[in-house]
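As provided, upload_29.pdb (PDB, C-alpha atoms) reads as follows.
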ATOM      1  CA  MET A1087      32.121 -12.720 -28.105
ATOM      2  CA  THR A1088      33.657  -9.244 -28.008
ATOM      3  CA  THR A1089      31.878  -6.091 -26.910
ATOM      4  CA  LEU A1090      32.150  -4.804 -30.478
ATOM      5  CA  SER A1091      30.401  -7.907 -31.856
ATOM      6  CA  ILE A1092      27.563  -7.559 -29.355
ATOM      7  CA  LEU A1093      27.180  -3.875 -30.204
ATOM      8  CA  VAL A1094      27.036  -4.597 -33.950
ATOM      9  CA  ILE A1095      24.402  -7.303 -33.429
ATOM     10  CA  ALA A1096      22.318  -4.960 -31.256
ATOM     11  CA  LEU A1097      22.499  -2.169 -33.848
ATOM     12  CA  TYR A1098      21.508  -4.514 -36.687
ATOM     13  CA  LEU A1099      18.597  -5.790 -34.600
ATOM     14  CA  LEU A1100      17.386  -2.256 -33.838
ATOM     15  CA  ALA A1101      17.800  -1.304 -37.512
ATOM     16  CA  SER A1102      15.702  -4.326 -38.533
ATOM     17  CA  LEU A1103      12.944  -3.287 -36.140
ATOM     18  CA  ALA A1104      13.069   0.305 -37.412
ATOM     19  CA  ALA A1105      12.877  -0.896 -41.045
ATOM     20  CA  LEU A1106       9.887  -3.123 -40.231
ATOM     21  CA  GLN A1107       8.144  -0.281 -38.428
ATOM     22  CA  GLN A1108       8.561   2.021 -41.409
ATOM     23  CA  LEU A1109       7.374  -0.699 -43.763
ATOM     24  CA  LEU A1110       4.286  -1.680 -41.777
ATOM     25  CA  THR A1111       3.230   1.894 -41.008
ATOM     26  CA  GLU A1112       4.161   3.003 -44.558
ATOM     27  CA  ARG A1113       5.888   6.082 -43.215
ATOM     28  CA  THR A1114       7.608   8.230 -45.824
ATOM     29  CA  GLY A1115       9.377  10.649 -43.506
ATOM     30  CA  GLY A1116      11.447  10.548 -40.371
ATOM     31  CA  ARG A1117      13.930   7.994 -41.649
ATOM     32  CA  TRP A1118      16.905   9.402 -39.731
ATOM     33  CA  PRO A1119      16.685   6.869 -36.835
ATOM     34  CA  LEU A1120      16.927   3.986 -39.332
ATOM     35  CA  TRP A1121      19.841   5.530 -41.234
ATOM     36  CA  THR A1122      21.655   6.352 -37.986
ATOM     37  CA  LEU A1123      21.305   2.790 -36.720
ATOM     38  CA  VAL A1124      22.239   1.233 -40.052
ATOM     39  CA  GLY A1125      25.191   3.554 -40.599
ATOM     40  CA  SER A1126      26.531   2.769 -37.132
ATOM     41  CA  ALA A1127      26.019  -0.988 -37.613
ATOM     42  CA  LEU A1128      27.722  -1.023 -41.017
ATOM     43  CA  GLY A1129      30.639   1.109 -39.853
ATOM     44  CA  LEU A1130      31.295  -0.981 -36.748
ATOM     45  CA  HIS A1131      30.770  -4.242 -38.666
ATOM     46  CA  LEU A1132      33.437  -3.147 -41.159
ATOM     47  CA  LEU A1133      35.786  -2.300 -38.299
ATOM     48  CA  LEU A1134      35.108  -5.701 -36.729
ATOM     49  CA  LEU A1135      35.820  -7.510 -40.009
ATOM     50  CA  PHE A1136      39.046  -5.571 -40.515
ATOM     51  CA  ASN A1137      40.237  -6.353 -36.986
ATOM     52  CA  GLU A1138      39.449 -10.073 -37.303
ATOM     53  CA  ILE A1139      40.928 -10.502 -40.782
ATOM     54  CA  THR A1140      44.162  -8.658 -39.967
ATOM     55  CA  ALA A1141      44.561  -9.919 -36.378
ATOM     56  CA  LEU A1142      47.123 -12.588 -37.326
ATOM     57  CA  GLU A1143      50.815 -11.732 -37.525
ATOM     58  CA  THR A1144      51.435 -14.407 -40.167
ATOM     59  CA  GLY A1145      48.899 -13.234 -42.759
ATOM     60  CA  GLN A1146      45.212 -12.504 -43.279
ATOM     61  CA  ASP A1147      42.432 -14.726 -41.942
ATOM     62  CA  LEU A1148      39.861 -15.304 -44.686
ATOM     63  CA  SER A1149      38.006 -18.248 -43.188
ATOM     64  CA  LEU A1150      34.681 -19.374 -44.634
ATOM     65  CA  ILE A1151      32.559 -17.629 -41.998
ATOM     66  CA  LYS A1152      34.529 -14.379 -42.205
ATOM     67  CA  VAL A1153      34.139 -14.272 -45.994
ATOM     68  CA  ALA A1154      30.407 -14.995 -45.646
ATOM     69  CA  SER A1155      30.162 -12.222 -43.038
ATOM     70  CA  ALA A1156      31.939  -9.855 -45.434
ATOM     71  CA  VAL A1157      29.371 -10.748 -48.106
ATOM     72  CA  SER A1158      26.531 -10.074 -45.652
ATOM     73  CA  TRP A1159      28.080  -6.665 -44.879
ATOM     74  CA  LEU A1160      28.316  -5.851 -48.588
ATOM     75  CA  VAL A1161      24.734  -6.992 -49.268
ATOM     76  CA  SER A1162      23.498  -4.908 -46.319
ATOM     77  CA  LEU A1163      25.428  -1.862 -47.543
ATOM     78  CA  LEU A1164      24.198  -2.113 -51.148
ATOM     79  CA  LEU A1165      20.586  -2.767 -50.161
ATOM     80  CA  THR A1166      20.642   0.153 -47.736
ATOM     81  CA  LEU A1167      21.994   2.489 -50.419
ATOM     82  CA  LEU A1168      19.584   1.247 -53.090
ATOM     83  CA  CYS A1169      16.455   0.428 -51.084
ATOM     84  CA  ARG A1170      14.560   3.617 -51.954
ATOM     85  CA  ARG A1171      15.483   3.502 -55.632
ATOM     86  CA  LEU A1172      14.723  -0.221 -55.918
ATOM     87  CA  ASN A1173      11.735  -0.265 -53.515
ATOM     88  CA  GLY A1174      13.568  -2.897 -51.514
ATOM     89  CA  GLY A1175      12.649  -1.880 -47.966
ATOM     90  CA  ILE A1176      11.142  -5.298 -47.238
ATOM     91  CA  LEU A1177      14.543  -6.902 -47.859
ATOM     92  CA  LEU A1178      16.434  -4.786 -45.318
ATOM     93  CA  PRO A1179      15.459  -6.885 -42.256
ATOM     94  CA  VAL A1180      16.377 -10.017 -44.233
ATOM     95  CA  ALA A1181      19.862  -8.676 -45.019
ATOM     96  CA  TYR A1182      20.453  -7.424 -41.475
ATOM     97  CA  GLY A1183      19.166 -10.734 -40.086
ATOM     98  CA  PHE A1184      21.718 -12.690 -42.139
ATOM     99  CA  ALA A1185      24.464 -10.352 -40.916
ATOM    100  CA  ILE A1186      23.424 -11.066 -37.305
ATOM    101  CA  LEU A1187      23.289 -14.817 -37.960
ATOM    102  CA  LEU A1188      26.801 -14.914 -39.426
ATOM    103  CA  LEU A1189      28.223 -12.857 -36.572
ATOM    104  CA  LEU A1190      26.779 -15.423 -34.155
ATOM    105  CA  VAL A1191      28.092 -18.346 -36.213
ATOM    106  CA  ASN A1192      31.553 -16.759 -36.288
ATOM    107  CA  TYR A1193      31.498 -16.766 -32.496
ATOM    108  CA  LEU A1194      30.083 -20.296 -32.144
ATOM    109  CA  ILE A1195      32.192 -21.949 -34.881
ATOM    110  CA  PRO A1196      35.541 -20.120 -35.060
ATOM    111  CA  GLY A1197      37.990 -21.059 -37.783
ATOM    112  CA  GLN A1198      41.052 -19.851 -39.640
ATOM    113  CA  TYR A1199      42.181 -19.877 -43.259
ATOM    114  CA  VAL A1200      45.398 -17.891 -43.600
ATOM    115  CA  ILE A1201      46.481 -16.279 -46.873
ATOM    116  CA  HIS A1202      49.254 -13.786 -47.613
ATOM    117  CA  LEU A1203      47.867 -10.865 -49.585
ATOM    118  CA  GLU A1204      51.017  -8.835 -48.874
ATOM    119  CA  HIS A1205      52.891 -11.132 -51.282
ATOM    120  CA  HIS A1206      50.162 -10.950 -53.969
ATOM    121  CA  PRO A1207      48.318  -7.608 -53.572
ATOM    122  CA  LEU A1208      46.483  -7.925 -56.910
ATOM    123  CA  VAL A1209      44.672 -10.980 -55.537
ATOM    124  CA  LEU A1210      42.832  -8.516 -53.292
ATOM    125  CA  LEU A1211      41.331  -6.931 -56.424
ATOM    126  CA  HIS A1212      40.101 -10.338 -57.576
ATOM    127  CA  ILE A1213      38.567 -11.029 -54.158
ATOM    128  CA  ALA A1214      36.830  -7.641 -54.128
ATOM    129  CA  LEU A1215      35.389  -8.205 -57.625
ATOM    130  CA  ALA A1216      34.287 -11.748 -56.762
ATOM    131  CA  LEU A1217      32.522 -10.703 -53.562
ATOM    132  CA  SER A1218      30.945  -7.649 -55.242
ATOM    133  CA  SER A1219      29.569  -9.695 -58.155
ATOM    134  CA  TYR A1220      28.232 -12.338 -55.790
ATOM    135  CA  ALA A1221      26.605  -9.716 -53.532
ATOM    136  CA  VAL A1222      24.884  -7.959 -56.464
ATOM    137  CA  LEU A1223      23.608 -11.221 -57.953
ATOM    138  CA  LEU A1224      22.494 -12.395 -54.511
ATOM    139  CA  ILE A1225      20.464  -9.200 -54.148
ATOM    140  CA  ALA A1226      18.995  -9.917 -57.595
ATOM    141  CA  SER A1227      17.955 -13.357 -56.309
ATOM    142  CA  LEU A1228      16.269 -11.789 -53.282
ATOM    143  CA  PHE A1229      14.307  -9.513 -55.598
ATOM    144  CA  THR A1230      13.547 -12.573 -57.737
ATOM    145  CA  LEU A1231      11.897 -14.208 -54.712
ATOM    146  CA  LEU A1232       9.774 -11.071 -54.293
ATOM    147  CA  LEU A1233       8.958 -11.298 -57.998
ATOM    148  CA  ALA A1234       7.842 -14.921 -57.587
ATOM    149  CA  TYR A1235       5.688 -13.956 -54.592
ATOM    150  CA  LEU A1236       4.054 -11.081 -56.458
ATOM    151  CA  ASP A1237       3.531 -13.135 -59.627
ATOM    152  CA  HIS A1238       1.883 -15.974 -57.667
ATOM    153  CA  HIS A1239      -0.504 -13.671 -55.820
ATOM    154  CA  LEU A1240      -1.500 -11.798 -58.953
ATOM    155  CA  LYS A1241      -2.250 -15.048 -60.783
ATOM    156  CA  GLN A1242      -4.308 -16.255 -57.811
ATOM    157  CA  ARG A1243      -5.998 -12.844 -57.648
ATOM    158  CA  LYS A1244      -5.058 -12.530 -54.008
ATOM    159  CA  ARG A1245      -4.260  -9.351 -52.153
ATOM    160  CA  VAL A1246      -0.521  -8.739 -51.781
ATOM    161  CA  ALA A1247       0.236  -8.791 -48.056
ATOM    162  CA  ILE A1248       3.561  -6.909 -48.265
ATOM    163  CA  PRO A1249       3.130  -3.108 -48.350
ATOM    164  CA  GLY A1250       5.362  -0.959 -50.521
ATOM    165  CA  LEU A1251       6.097  -3.539 -53.221
ATOM    166  CA  PRO A1252       6.524  -2.014 -56.708
ATOM    167  CA  PRO A1253       4.424  -3.153 -59.684
ATOM    168  CA  LEU A1254       5.356  -6.498 -61.245
ATOM    169  CA  LEU A1255       6.958  -5.025 -64.376
ATOM    170  CA  THR A1256       8.949  -2.513 -62.346
ATOM    171  CA  LEU A1257      10.238  -5.270 -60.072
ATOM    172  CA  GLU A1258      11.175  -7.377 -63.091
ATOM    173  CA  HIS A1259      13.062  -4.422 -64.581
ATOM    174  CA  ARG A1260      14.960  -3.980 -61.300
ATOM    175  CA  VAL A1261      15.974  -7.663 -61.326
ATOM    176  CA  MET A1262      17.341  -7.412 -64.868
ATOM    177  CA  GLN A1263      19.262  -4.222 -64.022
ATOM    178  CA  LEU A1264      20.926  -5.966 -61.079
ATOM    179  CA  ILE A1265      21.715  -9.042 -63.173
ATOM    180  CA  GLY A1266      23.308  -6.853 -65.868
ATOM    181  CA  LEU A1267      25.525  -5.161 -63.269
ATOM    182  CA  GLY A1268      26.326  -8.513 -61.678
ATOM    183  CA  ILE A1269      27.354 -10.000 -65.052
ATOM    184  CA  ALA A1270      29.765  -7.120 -65.649
ATOM    185  CA  LEU A1271      31.378  -7.592 -62.223
ATOM    186  CA  LEU A1272      31.446 -11.380 -62.628
ATOM    187  CA  THR A1273      33.203 -11.010 -65.997
ATOM    188  CA  LEU A1274      35.903  -8.883 -64.384
ATOM    189  CA  SER A1275      36.140 -11.341 -61.488
ATOM    190  CA  ILE A1276      36.683 -14.357 -63.739
ATOM    191  CA  GLY A1277      39.236 -12.492 -65.862
ATOM    192  CA  SER A1278      41.159 -11.209 -62.842
ATOM    193  CA  GLY A1279      41.216 -14.714 -61.380
ATOM    194  CA  TRP A1280      43.066 -16.078 -64.401
ATOM    195  CA  LEU A1281      45.470 -13.124 -64.331
ATOM    196  CA  PHE A1282      46.242 -12.712 -60.635
ATOM    197  CA  LEU A1283      45.777 -16.052 -58.869
ATOM    198  CA  THR A1284      49.016 -17.904 -58.217
ATOM    199  CA  ASP A1285      47.506 -21.350 -58.865
ATOM    200  CA  PRO A1286      44.567 -20.917 -61.282
ATOM    201  CA  PHE A1287      44.876 -24.520 -62.520
ATOM    202  CA  SER A1288      44.743 -26.237 -59.123
ATOM    203  CA  PRO A1289      41.747 -28.585 -58.676
ATOM    204  CA  LEU A1290      39.904 -26.282 -56.258
ATOM    205  CA  SER A1291      40.603 -23.120 -58.278
ATOM    206  CA  SER A1292      39.513 -24.912 -61.441
ATOM    207  CA  MET A1293      36.271 -26.012 -59.763
ATOM    208  CA  LYS A1294      35.543 -22.459 -58.629
ATOM    209  CA  ALA A1295      36.361 -21.012 -62.060
ATOM    210  CA  GLY A1296      34.321 -23.708 -63.849
ATOM    211  CA  LEU A1297      31.198 -23.173 -61.737
ATOM    212  CA  SER A1298      31.560 -19.389 -62.023
ATOM    213  CA  LEU A1299      31.811 -19.693 -65.802
ATOM    214  CA  VAL A1300      28.705 -21.897 -65.957
ATOM    215  CA  ALA A1301      26.839 -19.329 -63.823
ATOM    216  CA  TRP A1302      28.091 -16.543 -66.125
ATOM    217  CA  CYS A1303      26.783 -18.415 -69.185
ATOM    218  CA  LEU A1304      23.452 -18.932 -67.437
ATOM    219  CA  TYR A1305      23.066 -15.250 -66.577
ATOM    220  CA  VAL A1306      24.111 -14.129 -70.060
ATOM    221  CA  THR A1307      21.604 -16.545 -71.596
ATOM    222  CA  LEU A1308      18.910 -15.138 -69.319
ATOM    223  CA  LEU A1309      19.786 -11.568 -70.287
ATOM    224  CA  TRP A1310      19.683 -12.481 -73.989
ATOM    225  CA  GLY A1311      16.436 -14.428 -73.629
ATOM    226  CA  HIS A1312      14.744 -11.624 -71.708
ATOM    227  CA  HIS A1313      15.640  -8.953 -74.255
ATOM    228  CA  TYR A1314      15.223 -10.929 -77.484
ATOM    229  CA  GLN A1315      12.825 -13.767 -76.631
ATOM    230  CA  GLY A1316      10.715 -12.078 -73.990
ATOM    231  CA  TRP A1317      11.547 -14.546 -71.208
ATOM    232  CA  ARG A1318       9.663 -13.622 -68.060
ATOM    233  CA  GLY A1319       7.963 -15.144 -65.059
ATOM    234  CA  LYS A1320       9.018 -18.664 -64.110
ATOM    235  CA  THR A1321      11.888 -18.785 -66.628
ATOM    236  CA  LEU A1322      13.446 -15.604 -65.255
ATOM    237  CA  ILE A1323      12.986 -16.807 -61.679
ATOM    238  CA  LEU A1324      14.467 -20.253 -62.389
ATOM    239  CA  PHE A1325      17.545 -18.928 -64.207
ATOM    240  CA  SER A1326      18.248 -16.286 -61.566
ATOM    241  CA  LEU A1327      17.983 -18.650 -58.597
ATOM    242  CA  LEU A1328      19.981 -21.379 -60.350
ATOM    243  CA  GLY A1329      22.756 -18.902 -61.193
ATOM    244  CA  SER A1330      22.890 -17.725 -57.587
ATOM    245  CA  ALA A1331      23.065 -21.341 -56.369
ATOM    246  CA  LEU A1332      25.970 -22.081 -58.732
ATOM    247  CA  LEU A1333      27.902 -19.039 -57.528
ATOM    248  CA  THR A1334      27.292 -20.008 -53.909
ATOM    249  CA  LEU A1335      28.670 -23.455 -54.659
ATOM    250  CA  ALA A1336      31.627 -21.921 -56.518
ATOM    251  CA  TYR A1337      32.594 -19.412 -53.844
ATOM    252  CA  PHE A1338      31.866 -21.462 -50.736
ATOM    253  CA  GLY A1339      31.899 -25.079 -51.889
ATOM    254  CA  SER A1340      35.672 -25.086 -52.340
ATOM    255  CA  ARG A1341      36.113 -23.450 -48.927
ATOM    256  CA  VAL A1342      33.981 -26.161 -47.313
ATOM    257  CA  ILE A1343      36.257 -28.778 -48.896
ATOM    258  CA  ILE A1344      39.385 -27.034 -47.582
ATOM    259  CA  GLU A1345      38.214 -26.039 -44.093
ATOM    260  CA  VAL A1346      35.839 -28.891 -43.240
ATOM    261  CA  LEU A1347      36.488 -32.008 -45.322
ATOM    262  CA  LEU A1348      40.268 -31.652 -45.516
ATOM    263  CA  ALA A1349      40.759 -30.152 -42.057
TER     264      ALA A1349
END
Translate this file's structure into structure tokens.
Amino acid sequence: MTTLSILVIALYLLASLAALQQLLTERTGGRWPLWTLVGSALGLHLLLLFNEITALETGQDLSLIKVASAVSWLVSLLLTLLCRRLNGGILLPVAYGFAILLLLVNYLIPGQYVIHLEHHPLVLLHIALALSSYAVLLIASLFTLLLAYLDHHLKQRKRVAIPGLPPLLTLEHRVMQLIGLGIALLTLSIGSGWLFLTDPFSPLSSMKAGLSLVAWCLYVTLLWGHHYQGWRGKTLILFSLLGSALLTLAYFGSRVIIEVLLA
């Protein structure tokens, strides 16, 4: 493991502890230590990803773990930027913890999957849209789990143990906002895949596109049902988590087949 990797892990760990301290003490001021730690961790993590992806002379290394680590970086970045607006402080240690876990896995289980973006630069746009849509919808799923927790405790008339959680309706509104943004990005991702991929009709590309399209239909149905049929509670939670599971299978299932089963 490189010195840079160790430094990034240490910064994420310190940022997680700072976020938990602010959450548990319900402090509203003095956030600069958290932002300093998080900003440093995100900046160095991005540098680490860039170095590892572009280290090969024959192309770019987009192995399964490196792509997953890139997603964790994007989730951490978006949650950090939106945590105050979305009341998502409780999710920050979760996001940073996943980033740490994937950095460790990248060290313990190294792998390579070489592509040549220099020959097809527009594929980079498709990758960026795909990862962005997945990150946004994954964040929506994390908020959905908070929604399920809050809904369960309110129905059981128990005291909510997590400080700083927004009201149930506010949290539900946040989830639907994220899903709407995720649908827009996923639409662009699917369209760009058909336009820019060199082999969109290969078995693995077709599987990824098919699962992504099913997830898109699921999310659109949820959005329609929420606005016009008043779907809430368990239905919203089920659709959101199922859509996230389908996208995970679409984005990483094909990579598992290539890098593990066919290796």
Fill in: Ala1331 in chain A environment, 10 Å, only C-alpha atoms, sequence neighbours closer than 5 positions dropped, as a PyMOL selection string
chain A and resi 1224+1227+1297+1301+1325-1326+1336
Step by step, work through what the PyMOL selection byres ((chain A and resi 1254) around 8) selects in the shown file, and finish by giving those residues as an mmCIF file with C-alpha atoms, keeping the file's coordinate frame.
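Full text of expr-v2.cif as output:
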data_model
loop_
_atom_site.group_PDB
_atom_site.id
_atom_site.type_symbol
_atom_site.label_atom_id
_atom_site.label_comp_id
_atom_site.auth_asym_id
_atom_site.auth_seq_id
_atom_site.Cartn_x
_atom_site.Cartn_y
_atom_site.Cartn_z
ATOM 1 C CA LEU A 1233 8.958 -11.298 -57.998
ATOM 2 C CA LEU A 1236 4.054 -11.081 -56.458
ATOM 3 C CA ASP A 1237 3.531 -13.135 -59.627
ATOM 4 C CA PRO A 1252 6.524 -2.014 -56.708
ATOM 5 C CA PRO A 1253 4.424 -3.153 -59.684
ATOM 6 C CA LEU A 1255 6.958 -5.025 -64.376
ATOM 7 C CA THR A 1256 8.949 -2.513 -62.346
ATOM 8 C CA LEU A 1257 10.238 -5.270 -60.072
ATOM 9 C CA GLU A 1258 11.175 -7.377 -63.091
#
Practice prompt. Would you mind telling me which residue in A:Ser1218, A:Thr1334, A:Ser1091, A:Ser1291 lies nearest to Gly1268 in chain A when using all atoms listed in the file?
Written response: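 Looking only at the distances to Gly1268 in chain A, the closest residue turns out to be A:Ser1218.
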Fill in: Selection dump of the PyMOL selection byres ((chain A and resi 1092-1094) around 9), as a ChimeraX atom specification
/A:1087-1091,1095-1099,1126-1131,1134,1186,1189
Saved selection, atoms kept: C-alpha atoms, as a compact mmCIF listing (two decimals), keeping the file's coordinate frame:
# COMPACT_ATOMS: atom_id res chain seq x y z
CA MET A 1087 32.12 -12.72 -28.10
CA THR A 1088 33.66 -9.24 -28.01
CA THR A 1089 31.88 -6.09 -26.91
CA LEU A 1090 32.15 -4.80 -30.48
CA SER A 1091 30.40 -7.91 -31.86
CA ILE A 1095 24.40 -7.30 -33.43
CA ALA A 1096 22.32 -4.96 -31.26
CA LEU A 1097 22.50 -2.17 -33.85
CA TYR A 1098 21.51 -4.51 -36.69
CA LEU A 1099 18.60 -5.79 -34.60
CA SER A 1126 26.53 2.77 -37.13
CA ALA A 1127 26.02 -0.99 -37.61
CA LEU A 1128 27.72 -1.02 -41.02
CA GLY A 1129 30.64 1.11 -39.85
CA LEU A 1130 31.30 -0.98 -36.75
CA HIS A 1131 30.77 -4.24 -38.67
CA LEU A 1134 35.11 -5.70 -36.73
CA ILE A 1186 23.42 -11.07 -37.30
CA LEU A 1189 28.22 -12.86 -36.57
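In this model, the gap between CA of Leu1194 in chain A and CA of Tyr1220 in chain A comes to 25.0 Å.
The nearest approach to Gly1175 in chain A among the residues A:Thr1307, A:Thr1122, A:Ser1275, A:Ser1102, with only C-alpha atoms taken into account, belongs to A:Ser1102.
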Practice prompt. Run the PyMOL selection byres ((chain A and resi 1337) around 10) mentally over the shown coordinates, then write out the matched residues as a PyMOL selection string, using the chain letters and numbers from the document.
Written response: chain A and resi 1150+1153-1154+1216-1217+1220+1291+1293-1295+1297-1298+1332-1336+1338-1342
Would you write out those residues with C-alpha atoms, as an mmCIF file, in the frame of the given file?
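File written: out-v7.cif
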data_model
loop_
_atom_site.group_PDB
_atom_site.id
_atom_site.type_symbol
_atom_site.label_atom_id
_atom_site.label_comp_id
_atom_site.auth_asym_id
_atom_site.auth_seq_id
_atom_site.Cartn_x
_atom_site.Cartn_y
_atom_site.Cartn_z
ATOM 1 C CA LEU A 1150 34.681 -19.374 -44.634
ATOM 2 C CA VAL A 1153 34.139 -14.272 -45.994
ATOM 3 C CA ALA A 1154 30.407 -14.995 -45.646
ATOM 4 C CA ALA A 1216 34.287 -11.748 -56.762
ATOM 5 C CA LEU A 1217 32.522 -10.703 -53.562
ATOM 6 C CA TYR A 1220 28.232 -12.338 -55.790
ATOM 7 C CA SER A 1291 40.603 -23.120 -58.278
ATOM 8 C CA MET A 1293 36.271 -26.012 -59.763
ATOM 9 C CA LYS A 1294 35.543 -22.459 -58.629
ATOM 10 C CA ALA A 1295 36.361 -21.012 -62.060
ATOM 11 C CA LEU A 1297 31.198 -23.173 -61.737
ATOM 12 C CA SER A 1298 31.560 -19.389 -62.023
ATOM 13 C CA LEU A 1332 25.970 -22.081 -58.732
ATOM 14 C CA LEU A 1333 27.902 -19.039 -57.528
ATOM 15 C CA THR A 1334 27.292 -20.008 -53.909
ATOM 16 C CA LEU A 1335 28.670 -23.455 -54.659
ATOM 17 C CA ALA A 1336 31.627 -21.921 -56.518
ATOM 18 C CA PHE A 1338 31.866 -21.462 -50.736
ATOM 19 C CA GLY A 1339 31.899 -25.079 -51.889
ATOM 20 C CA SER A 1340 35.672 -25.086 -52.340
ATOM 21 C CA ARG A 1341 36.113 -23.450 -48.927
ATOM 22 C CA VAL A 1342 33.981 -26.161 -47.313
#
Item to complete: For range 1138-1145 of chain A, list every protein, DNA or RNA residue within 6 Å, evaluated using only C-alpha atoms, and leave out those in the same chain fewer than 6 positions away; present the list as a ChimeraX atom specification.
Response: /A:1200-1202
